[in-house]
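Trainee: Sharing a structure here in structure tokens format.
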Amino acid sequence: MATVDVDLPHVKEDDPHHHGPARGLGRWLYTTNHKDIGSMYLIFSLCMFMIGGIMALIIRAELFQPGLQLVEPNFFNQMTTMH
């Protein structure tokens, strides 16, 4: 049996065609890292909690006094459904 030595081209660190890990927004959008996904889940849940809380405050303020109009009736119905 014969052995053949083959020299494979090595990727240099300064090679412009070599892509490193994603940076910036791409790191968060295309991640499969469980820590990044957990952070995004936590941030999203806190944002939705704040939006729901603001909607609840608007609904309660609207119902505080009879005849008080803070938002239009159609939007009030939509906001109640979303909340």
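Each chain in the structure tokens gets a letter, A, B and so on, in the order shown; residues start at 1 in every chain, and ligands are counted from 1 in the order they appear.
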List as a list of chain:residue names the protein and nucleic acid residues near Thr81 in chain A, meaning an atom at most 12 Å away when only C-alpha atoms are counted, but skip any in the same chain fewer than 2 places from it.

Mentor: A:Gly52, A:Met55, A:Ala56, A:Ile59, A:Asn74, A:Phe75, A:Phe76, A:Asn77, A:Gln78, A:Met79, A:His83

Trainee: Could you dump the residues just selected with N, CA and C atoms as a PDB file, in the first residue's frame?

Mentor:
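Result file follows (selection-v5.pdb):
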```
ATOM      1  N   GLY A  52     -49.245  45.097  28.021  1.00  0.00           N
ATOM      2  CA  GLY A  52     -50.498  44.647  28.627  1.00  0.00           C
ATOM      3  C   GLY A  52     -50.869  45.478  29.842  1.00  0.00           C
ATOM      4  N   MET A  55     -52.201  48.818  28.641  1.00  0.00           N
ATOM      5  CA  MET A  55     -53.575  48.642  28.153  1.00  0.00           C
ATOM      6  C   MET A  55     -54.554  48.503  29.316  1.00  0.00           C
ATOM      7  N   ALA A  56     -54.168  47.773  30.351  1.00  0.00           N
ATOM      8  CA  ALA A  56     -55.039  47.610  31.518  1.00  0.00           C
ATOM      9  C   ALA A  56     -55.281  48.948  32.203  1.00  0.00           C
ATOM     10  N   ILE A  59     -57.747  50.916  30.109  1.00  0.00           N
ATOM     11  CA  ILE A  59     -59.097  50.359  30.260  1.00  0.00           C
ATOM     12  C   ILE A  59     -59.687  50.803  31.596  1.00  0.00           C
ATOM     13  N   ASN A  74     -64.507  51.976  19.397  1.00  0.00           N
ATOM     14  CA  ASN A  74     -64.028  50.835  18.612  1.00  0.00           C
ATOM     15  C   ASN A  74     -62.628  50.402  19.070  1.00  0.00           C
ATOM     16  N   PHE A  75     -61.766  51.385  19.316  1.00  0.00           N
ATOM     17  CA  PHE A  75     -60.416  51.058  19.792  1.00  0.00           C
ATOM     18  C   PHE A  75     -60.458  50.467  21.199  1.00  0.00           C
ATOM     19  N   PHE A  76     -61.390  50.937  22.029  1.00  0.00           N
ATOM     20  CA  PHE A  76     -61.550  50.367  23.370  1.00  0.00           C
ATOM     21  C   PHE A  76     -61.900  48.885  23.281  1.00  0.00           C
ATOM     22  N   ASN A  77     -62.811  48.537  22.378  1.00  0.00           N
ATOM     23  CA  ASN A  77     -63.180  47.126  22.195  1.00  0.00           C
ATOM     24  C   ASN A  77     -61.990  46.301  21.696  1.00  0.00           C
ATOM     25  N   GLN A  78     -61.236  46.850  20.755  1.00  0.00           N
ATOM     26  CA  GLN A  78     -60.062  46.145  20.239  1.00  0.00           C
ATOM     27  C   GLN A  78     -59.004  45.960  21.329  1.00  0.00           C
ATOM     28  N   MET A  79     -58.806  47.017  22.113  1.00  0.00           N
ATOM     29  CA  MET A  79     -57.799  46.959  23.172  1.00  0.00           C
ATOM     30  C   MET A  79     -58.209  45.957  24.256  1.00  0.00           C
ATOM     31  N   HIS A  83     -55.920  42.785  25.193  1.00  0.00           N
ATOM     32  CA  HIS A  83     -55.430  42.653  26.558  1.00  0.00           C
ATOM     33  C   HIS A  83     -55.797  41.291  27.093  1.00  0.00           C
TER      34      HIS A  83
END
```

Trainee: Excluding range 38-50 of chain A and any residue of its chain fewer than 3 positions from it, enumerate the residues within 12 Å of it, using only C-alpha atoms, and give them as a ChimeraX atom specification.

Mentor: /A:25,27-35,53-57,82-83

Trainee: With C-alpha atoms retained, export the selected residues as a PDB file, in the first residue's frame.

Mentor:
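Output file again34.pdb is given in full below:
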```pdb
ATOM      1  CA  LEU A  25     -28.311  42.225  14.962  1.00  0.00           C
ATOM      2  CA  ARG A  27     -26.180  37.428  16.015  1.00  0.00           C
ATOM      3  CA  TRP A  28     -29.586  37.772  17.663  1.00  0.00           C
ATOM      4  CA  LEU A  29     -31.736  37.008  14.616  1.00  0.00           C
ATOM      5  CA  TYR A  30     -29.953  33.859  13.450  1.00  0.00           C
ATOM      6  CA  THR A  31     -28.799  32.431  16.760  1.00  0.00           C
ATOM      7  CA  THR A  32     -29.143  28.848  17.900  1.00  0.00           C
ATOM      8  CA  ASN A  33     -27.431  29.541  21.211  1.00  0.00           C
ATOM      9  CA  HIS A  34     -29.783  28.689  24.073  1.00  0.00           C
ATOM     10  CA  LYS A  35     -28.506  31.586  26.185  1.00  0.00           C
ATOM     11  CA  GLY A  53     -50.142  46.707  31.808  1.00  0.00           C
ATOM     12  CA  ILE A  54     -50.470  49.964  29.902  1.00  0.00           C
ATOM     13  CA  MET A  55     -53.575  48.642  28.153  1.00  0.00           C
ATOM     14  CA  ALA A  56     -55.039  47.610  31.518  1.00  0.00           C
ATOM     15  CA  LEU A  57     -54.423  51.100  32.920  1.00  0.00           C
ATOM     16  CA  MET A  82     -55.968  42.293  22.820  1.00  0.00           C
ATOM     17  CA  HIS A  83     -55.430  42.653  26.558  1.00  0.00           C
TER      18      HIS A  83
END
```
